[in-house]
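Step one of this worksheet: look at the structure below.
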Amino acid sequence: MRVVKLGGSLLRDPLLPAWLDRIARTGRIAVVPGGGAFANAARAAQAHWRVDDLAAHNMAVLGMAQFAHLLHGLEPRLALADSVASVDARLAAGRAAIWLPLDLQRDAGDALTNWDVTSDSLAAWLALRLGADELVLVKSCPVPADATPAELAAAGIVDRAFPAYAEQCARASIVCRVLDRAELDRALD
C-alpha cells in the first residue's frame, strides 16, 4: 500500500488528471493533498493578522481539505476519507482514497502545528499510521536524483521536518521517494 502526496503546486498542472486516473486505476493508494495556494492564503493571513501557529495550522489543514475536494471533483472514483480510520477502511477494501485531513485540526499546539511541518511531513505521518509500504511525494519542481531528505529540505523542496519523518519511515521499512510530477510511470510502477 502506498501513500502519494500530490503537491498543491499541481493545482493547475495539466498532468494532474493523469495522476488521479492512474491512482484510481491502481487502487490501494492513500492520496494526501498538498495545500498549495490554499495554504499560502493561511500563511498570508497569519502574517497580516499575526495569529499564532495553531490558528495558521488549522487554516492550512482546511486548505489541504479544499485541494482534496478539488481532487475528488476531478476524479470521483477516488473516495474522500475524513479520518485515518476511514482511509484505512477504504484501502482494506482495495480502493484508493483521498485523505480529507480534518482529523488534523487541533485545539492546542503540538509537534504538527508549525510551519516546519507541511503536507510533506503530514504525508509521512499518515504513512506511519497506516503502516504503508511506500511514501511518494510528487513535486512540481525538478528533484535532484539521489538527494537525501536533508538535502531536499535544505533546497526547500520538502519541509524542514521531513528528514526526521523520513528517518522514522526508514525505521518502519517504509520506502520514501520524492519525485518530479513528470515521473508518473516511475512513481506507480
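Letters for chains follow the order of the C-alpha cells (A, B, ...), residue numbers begin at 1 for each chain, and ligand numbers begin at 1 in the order shown.
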Counting only C-alpha atoms, which residues of region 37-116 of chain A fall within 10 Å of region 149-171 of chain A, and what is the closest atom pair for each with its distance in Å at one decimal, ordered by chain and rising number, as a tab-separated table?
```
residue	atom	partner	partner_atom	distance
A:Ala111	CA	A:Ala161	CA	9.8
A:Leu112	CA	A:Ala161	CA	9.3
A:Asn114	CA	A:Ala161	CA	9.8
A:Trp115	CA	A:Asp159	CA	8.2
A:Asp116	CA	A:Arg160	CA	5.0
```
>> Please list as a VMD selection string every residue within 12 Å of Gln46 (chain A), counting only C-alpha atoms and excluding residues in the same chain fewer than 3 positions away.
In response: chain A and resid 39 to 43 49 to 60 114 to 115
What would the file look like if the residues just selected were written as a compact mmCIF listing (two decimals), in the first residue's frame with all heavy atoms?
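Okay, this is what ended up in result-v3.txt:
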```txt
# COMPACT_ATOMS: atom_id res chain seq x y z
N ALA A 39 -2.98 26.87 1.29
CA ALA A 39 -2.12 27.01 2.47
C ALA A 39 -1.38 28.35 2.44
O ALA A 39 -1.14 28.95 3.49
CB ALA A 39 -1.14 25.86 2.57
N ASN A 40 -1.02 28.79 1.24
CA ASN A 40 -0.35 30.10 1.13
C ASN A 40 -1.26 31.22 1.62
O ASN A 40 -0.79 32.20 2.19
CB ASN A 40 0.10 30.35 -0.30
CG ASN A 40 1.28 29.48 -0.68
OD1 ASN A 40 1.98 28.94 0.17
ND2 ASN A 40 1.49 29.30 -1.98
N ALA A 41 -2.57 31.06 1.42
CA ALA A 41 -3.51 32.06 1.93
C ALA A 41 -3.48 32.07 3.46
O ALA A 41 -3.58 33.13 4.09
CB ALA A 41 -4.92 31.77 1.42
N ALA A 42 -3.32 30.88 4.06
CA ALA A 42 -3.19 30.81 5.53
C ALA A 42 -1.92 31.51 5.99
O ALA A 42 -1.93 32.24 6.99
CB ALA A 42 -3.20 29.35 5.99
N ARG A 43 -0.82 31.30 5.28
CA ARG A 43 0.44 31.98 5.63
C ARG A 43 0.28 33.50 5.55
O ARG A 43 0.73 34.23 6.44
CB ARG A 43 1.55 31.55 4.67
CG ARG A 43 2.12 30.20 4.93
CD ARG A 43 3.28 29.92 3.94
NE ARG A 43 3.88 28.64 4.18
CZ ARG A 43 3.50 27.50 3.60
NH1 ARG A 43 2.52 27.49 2.72
NH2 ARG A 43 4.11 26.37 3.89
N TRP A 49 -2.36 39.25 10.19
CA TRP A 49 -3.07 39.39 11.45
C TRP A 49 -2.25 38.94 12.65
O TRP A 49 -2.67 39.12 13.80
CB TRP A 49 -4.38 38.60 11.41
CG TRP A 49 -5.35 39.21 10.45
CD1 TRP A 49 -5.72 38.72 9.23
CD2 TRP A 49 -6.05 40.44 10.60
NE1 TRP A 49 -6.60 39.56 8.62
CE2 TRP A 49 -6.83 40.64 9.45
CE3 TRP A 49 -6.09 41.41 11.60
CZ2 TRP A 49 -7.64 41.75 9.27
CZ3 TRP A 49 -6.91 42.52 11.42
CH2 TRP A 49 -7.68 42.68 10.27
N ARG A 50 -1.09 38.31 12.39
CA ARG A 50 -0.19 37.87 13.45
C ARG A 50 -0.86 36.88 14.42
O ARG A 50 -0.61 36.93 15.63
CB ARG A 50 0.41 39.04 14.20
CG ARG A 50 1.14 40.00 13.27
CD ARG A 50 2.14 40.84 13.99
NE ARG A 50 2.66 41.92 13.19
CZ ARG A 50 3.48 41.80 12.14
NH1 ARG A 50 3.86 40.61 11.74
NH2 ARG A 50 3.91 42.85 11.48
N VAL A 51 -1.68 35.99 13.86
CA VAL A 51 -2.26 34.94 14.70
C VAL A 51 -1.18 33.88 14.93
O VAL A 51 -0.19 33.81 14.21
CB VAL A 51 -3.52 34.32 14.06
CG1 VAL A 51 -4.62 35.35 13.95
CG2 VAL A 51 -3.23 33.69 12.71
N ASP A 52 -1.40 33.03 15.92
CA ASP A 52 -0.39 32.05 16.28
C ASP A 52 -0.35 30.88 15.29
O ASP A 52 -1.19 30.75 14.41
CB ASP A 52 -0.59 31.56 17.72
CG ASP A 52 -1.92 30.84 17.94
OD1 ASP A 52 -2.57 30.42 16.97
OD2 ASP A 52 -2.29 30.69 19.12
N ASP A 53 0.66 30.03 15.49
CA ASP A 53 0.85 28.88 14.59
C ASP A 53 -0.31 27.89 14.67
O ASP A 53 -0.60 27.20 13.69
CB ASP A 53 2.16 28.16 14.89
CG ASP A 53 3.37 28.88 14.31
OD1 ASP A 53 3.19 29.80 13.48
OD2 ASP A 53 4.50 28.51 14.68
N LEU A 54 -0.97 27.79 15.81
CA LEU A 54 -2.10 26.88 15.92
C LEU A 54 -3.22 27.30 14.96
O LEU A 54 -3.75 26.47 14.21
CB LEU A 54 -2.62 26.83 17.36
CG LEU A 54 -3.88 25.99 17.59
CD1 LEU A 54 -3.61 24.52 17.24
CD2 LEU A 54 -4.35 26.13 19.03
N ALA A 55 -3.56 28.57 14.98
CA ALA A 55 -4.60 29.06 14.07
C ALA A 55 -4.16 28.86 12.62
O ALA A 55 -4.95 28.42 11.77
CB ALA A 55 -4.90 30.53 14.35
N ALA A 56 -2.90 29.19 12.32
CA ALA A 56 -2.40 29.04 10.96
C ALA A 56 -2.41 27.57 10.52
O ALA A 56 -2.76 27.25 9.38
CB ALA A 56 -0.99 29.62 10.85
N HIS A 57 -2.03 26.67 11.43
CA HIS A 57 -2.05 25.23 11.12
C HIS A 57 -3.47 24.81 10.76
O HIS A 57 -3.68 24.13 9.75
CB HIS A 57 -1.56 24.43 12.33
CG HIS A 57 -1.89 22.97 12.24
ND1 HIS A 57 -1.14 22.07 11.51
CD2 HIS A 57 -2.92 22.26 12.77
CE1 HIS A 57 -1.69 20.87 11.60
NE2 HIS A 57 -2.77 20.96 12.37
N ASN A 58 -4.44 25.19 11.57
CA ASN A 58 -5.82 24.79 11.31
C ASN A 58 -6.32 25.36 9.98
O ASN A 58 -7.02 24.68 9.23
CB ASN A 58 -6.73 25.18 12.47
CG ASN A 58 -6.51 24.28 13.68
OD1 ASN A 58 -6.10 23.13 13.54
ND2 ASN A 58 -6.76 24.80 14.86
N MET A 59 -5.92 26.58 9.67
CA MET A 59 -6.30 27.16 8.37
C MET A 59 -5.62 26.40 7.22
O MET A 59 -6.24 26.12 6.19
CB MET A 59 -5.92 28.64 8.31
CG MET A 59 -6.77 29.52 9.18
SD MET A 59 -6.43 31.30 8.95
CE MET A 59 -4.77 31.45 9.59
N ALA A 60 -4.35 26.03 7.40
CA ALA A 60 -3.63 25.30 6.35
C ALA A 60 -4.23 23.91 6.14
O ALA A 60 -4.33 23.43 5.00
CB ALA A 60 -2.14 25.20 6.70
N ASN A 114 3.18 23.82 13.32
CA ASN A 114 4.12 24.88 12.99
C ASN A 114 4.49 24.75 11.51
O ASN A 114 4.24 23.71 10.89
CB ASN A 114 5.36 24.82 13.90
CG ASN A 114 6.15 23.56 13.68
OD1 ASN A 114 6.90 23.46 12.71
ND2 ASN A 114 5.99 22.58 14.56
N TRP A 115 5.10 25.77 10.95
CA TRP A 115 5.38 25.79 9.52
C TRP A 115 6.57 24.92 9.12
O TRP A 115 6.84 24.78 7.94
CB TRP A 115 5.57 27.22 9.02
CG TRP A 115 4.27 27.96 8.95
CD1 TRP A 115 3.90 29.03 9.71
CD2 TRP A 115 3.15 27.68 8.10
NE1 TRP A 115 2.63 29.44 9.39
CE2 TRP A 115 2.15 28.63 8.40
CE3 TRP A 115 2.89 26.73 7.11
CZ2 TRP A 115 0.92 28.66 7.73
CZ3 TRP A 115 1.66 26.75 6.46
CH2 TRP A 115 0.70 27.70 6.76
```
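Listed by chain and then by rising number, the residues of region 13-128 of chain A that DSSP assigns to strand (DSSP E or B) from the backbone are A:Ile29, A:Ala30, A:Val31, A:Val32, A:Pro33, A:Ala79, A:Leu80, A:Ala81, A:Ala97, A:Ile98, A:Trp99.
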> In chain A, what's helix (DSSP H, G or I) per DSSP? Answer as number ranges by chain?
Replying inline: A: 8-10, 16-26, 36-49, 53-74, 84-92, 102-104, 119-130, 149-154, 162-171, 184-187
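All residues of protein, DNA or RNA that reach within 8 Å of Gly8 (chain A), judged by only C-alpha atoms and not counting those fewer than 2 positions away in the chain, are Leu6, Leu10, Leu11, Pro33, Gly34, Gly35, Gly36, Ala37, Met64 and Phe67 of chain A.
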Write to file, as an mmCIF file, in the first residue's frame, the residues of the selection just made, with N, CA and C atoms.
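Contents of selection-v5.cif, freshly written:
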```
data_model
loop_
_atom_site.group_PDB
_atom_site.id
_atom_site.type_symbol
_atom_site.label_atom_id
_atom_site.label_comp_id
_atom_site.auth_asym_id
_atom_site.auth_seq_id
_atom_site.Cartn_x
_atom_site.Cartn_y
_atom_site.Cartn_z
ATOM 1 N N LEU A 6 0.186 14.546 -3.390
ATOM 2 C CA LEU A 6 0.164 15.374 -4.595
ATOM 3 C C LEU A 6 0.276 16.822 -4.150
ATOM 4 N N LEU A 10 0.522 21.495 -7.875
ATOM 5 C CA LEU A 10 -0.019 20.852 -9.079
ATOM 6 C C LEU A 10 -1.422 21.353 -9.408
ATOM 7 N N LEU A 11 -1.910 22.317 -8.659
ATOM 8 C CA LEU A 11 -3.271 22.831 -8.784
ATOM 9 C C LEU A 11 -3.694 23.070 -10.233
ATOM 10 N N PRO A 33 -3.483 15.399 -0.077
ATOM 11 C CA PRO A 33 -3.492 16.637 -0.843
ATOM 12 C C PRO A 33 -2.531 17.650 -0.240
ATOM 13 N N GLY A 34 -1.802 18.328 -1.092
ATOM 14 C CA GLY A 34 -0.988 19.431 -0.615
ATOM 15 C C GLY A 34 -1.874 20.629 -0.305
ATOM 16 N N GLY A 35 -1.264 21.665 0.181
ATOM 17 C CA GLY A 35 -2.033 22.871 0.498
ATOM 18 C C GLY A 35 -1.962 23.915 -0.593
ATOM 19 N N GLY A 36 -0.785 24.044 -1.215
ATOM 20 C CA GLY A 36 -0.603 24.971 -2.328
ATOM 21 C C GLY A 36 -1.107 26.370 -2.032
ATOM 22 N N ALA A 37 -1.837 26.921 -2.992
ATOM 23 C CA ALA A 37 -2.354 28.287 -2.888
ATOM 24 C C ALA A 37 -3.261 28.444 -1.677
ATOM 25 N N MET A 64 -5.660 22.177 2.761
ATOM 26 C CA MET A 64 -5.467 20.822 2.234
ATOM 27 C C MET A 64 -6.811 20.188 1.916
ATOM 28 N N PHE A 67 -8.109 21.423 -1.384
ATOM 29 C CA PHE A 67 -7.464 20.746 -2.513
ATOM 30 C C PHE A 67 -7.993 19.317 -2.631
#
```
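If you measure from each of A:Cys176, A:Asp82, A:Leu122, A:Glu134 to Asp146 (chain A) using only C-alpha atoms, the closest one turns out to be A:Cys176.
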>> What's around Val32 (chain A) at 10 Å? Count only C-alpha atoms, leave out sequence neighbours fewer than 5 positions away in its own chain, and write the answer as JSON, numbers by chain.
In response: {"A": [3, 4, 5, 6, 7, 8, 64, 65, 67, 68, 97, 98, 99, 100, 101, 119, 120, 122, 123, 124, 126, 127, 136, 137]}
Since we have the selection now, will you write its residues out, keeping N, CA, C and O atoms, as a compact mmCIF listing (two decimals), in the first residue's frame?
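Generated output (out-v8.txt):
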```txt
# COMPACT_ATOMS: atom_id res chain seq x y z
N VAL A 3 1.22 5.64 0.07
CA VAL A 3 0.71 6.98 0.32
C VAL A 3 1.37 7.86 -0.73
O VAL A 3 2.60 7.84 -0.87
N VAL A 4 0.55 8.60 -1.47
CA VAL A 4 1.05 9.51 -2.50
C VAL A 4 0.57 10.91 -2.17
O VAL A 4 -0.63 11.17 -2.11
N LYS A 5 1.52 11.79 -1.93
CA LYS A 5 1.20 13.19 -1.67
C LYS A 5 1.30 13.94 -2.98
O LYS A 5 2.34 13.95 -3.65
N LEU A 6 0.19 14.55 -3.39
CA LEU A 6 0.16 15.37 -4.60
C LEU A 6 0.28 16.82 -4.15
O LEU A 6 -0.64 17.36 -3.51
N GLY A 7 1.40 17.43 -4.46
CA GLY A 7 1.66 18.79 -4.02
C GLY A 7 0.61 19.78 -4.51
O GLY A 7 0.11 19.67 -5.62
N GLY A 8 0.28 20.71 -3.64
CA GLY A 8 -0.68 21.75 -4.01
C GLY A 8 -0.22 22.59 -5.18
O GLY A 8 -1.04 23.22 -5.86
N MET A 64 -5.66 22.18 2.76
CA MET A 64 -5.47 20.82 2.23
C MET A 64 -6.81 20.19 1.92
O MET A 64 -6.97 19.51 0.90
N ALA A 65 -7.80 20.43 2.77
CA ALA A 65 -9.14 19.87 2.54
C ALA A 65 -9.75 20.46 1.28
O ALA A 65 -10.43 19.76 0.52
N PHE A 67 -8.11 21.42 -1.38
CA PHE A 67 -7.46 20.75 -2.51
C PHE A 67 -7.99 19.32 -2.63
O PHE A 67 -8.19 18.81 -3.74
N ALA A 68 -8.27 18.67 -1.50
CA ALA A 68 -8.84 17.32 -1.53
C ALA A 68 -10.18 17.32 -2.27
O ALA A 68 -10.45 16.44 -3.09
N ALA A 97 -8.10 6.26 -1.91
CA ALA A 97 -8.85 7.27 -1.18
C ALA A 97 -8.05 8.56 -1.12
O ALA A 97 -6.81 8.55 -1.13
N ILE A 98 -8.77 9.66 -1.05
CA ILE A 98 -8.16 10.97 -0.82
C ILE A 98 -8.42 11.31 0.64
O ILE A 98 -9.56 11.34 1.10
N TRP A 99 -7.34 11.56 1.37
CA TRP A 99 -7.45 11.91 2.77
C TRP A 99 -7.94 13.34 2.90
O TRP A 99 -7.28 14.28 2.44
N LEU A 100 -9.08 13.51 3.49
CA LEU A 100 -9.62 14.81 3.85
C LEU A 100 -9.15 15.04 5.29
O LEU A 100 -9.76 14.50 6.22
N PRO A 101 -8.05 15.76 5.49
CA PRO A 101 -7.32 15.69 6.77
C PRO A 101 -7.92 16.49 7.92
O PRO A 101 -7.20 17.07 8.72
N SER A 119 2.37 19.57 4.32
CA SER A 119 1.76 18.33 3.84
C SER A 119 2.80 17.26 3.52
O SER A 119 2.48 16.07 3.51
N ASP A 120 4.06 17.63 3.29
CA ASP A 120 5.12 16.63 3.09
C ASP A 120 5.26 15.75 4.34
O ASP A 120 5.16 14.53 4.27
N LEU A 122 3.20 15.66 6.86
CA LEU A 122 1.91 15.07 7.21
C LEU A 122 1.66 13.80 6.40
O LEU A 122 1.04 12.85 6.90
N ALA A 123 2.16 13.75 5.18
CA ALA A 123 2.04 12.52 4.38
C ALA A 123 2.86 11.40 5.02
O ALA A 123 2.40 10.25 5.08
N ALA A 124 4.04 11.73 5.52
CA ALA A 124 4.86 10.73 6.21
C ALA A 124 4.17 10.30 7.51
O ALA A 124 4.16 9.11 7.85
N LEU A 126 1.00 10.19 8.05
CA LEU A 126 -0.08 9.27 7.67
C LEU A 126 0.48 7.91 7.27
O LEU A 126 -0.06 6.87 7.67
N ALA A 127 1.57 7.89 6.49
CA ALA A 127 2.17 6.62 6.07
C ALA A 127 2.57 5.77 7.29
O ALA A 127 2.36 4.56 7.30
N VAL A 136 5.32 8.37 -1.49
CA VAL A 136 5.78 9.10 -2.67
C VAL A 136 5.30 10.53 -2.55
O VAL A 136 4.10 10.78 -2.42
N LEU A 137 6.23 11.48 -2.58
CA LEU A 137 5.89 12.90 -2.62
C LEU A 137 6.07 13.37 -4.05
O LEU A 137 7.15 13.24 -4.61
```
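Interatomic distance, CA of Leu20 (chain A) to CA of His72 (chain A): 8.9 Å.
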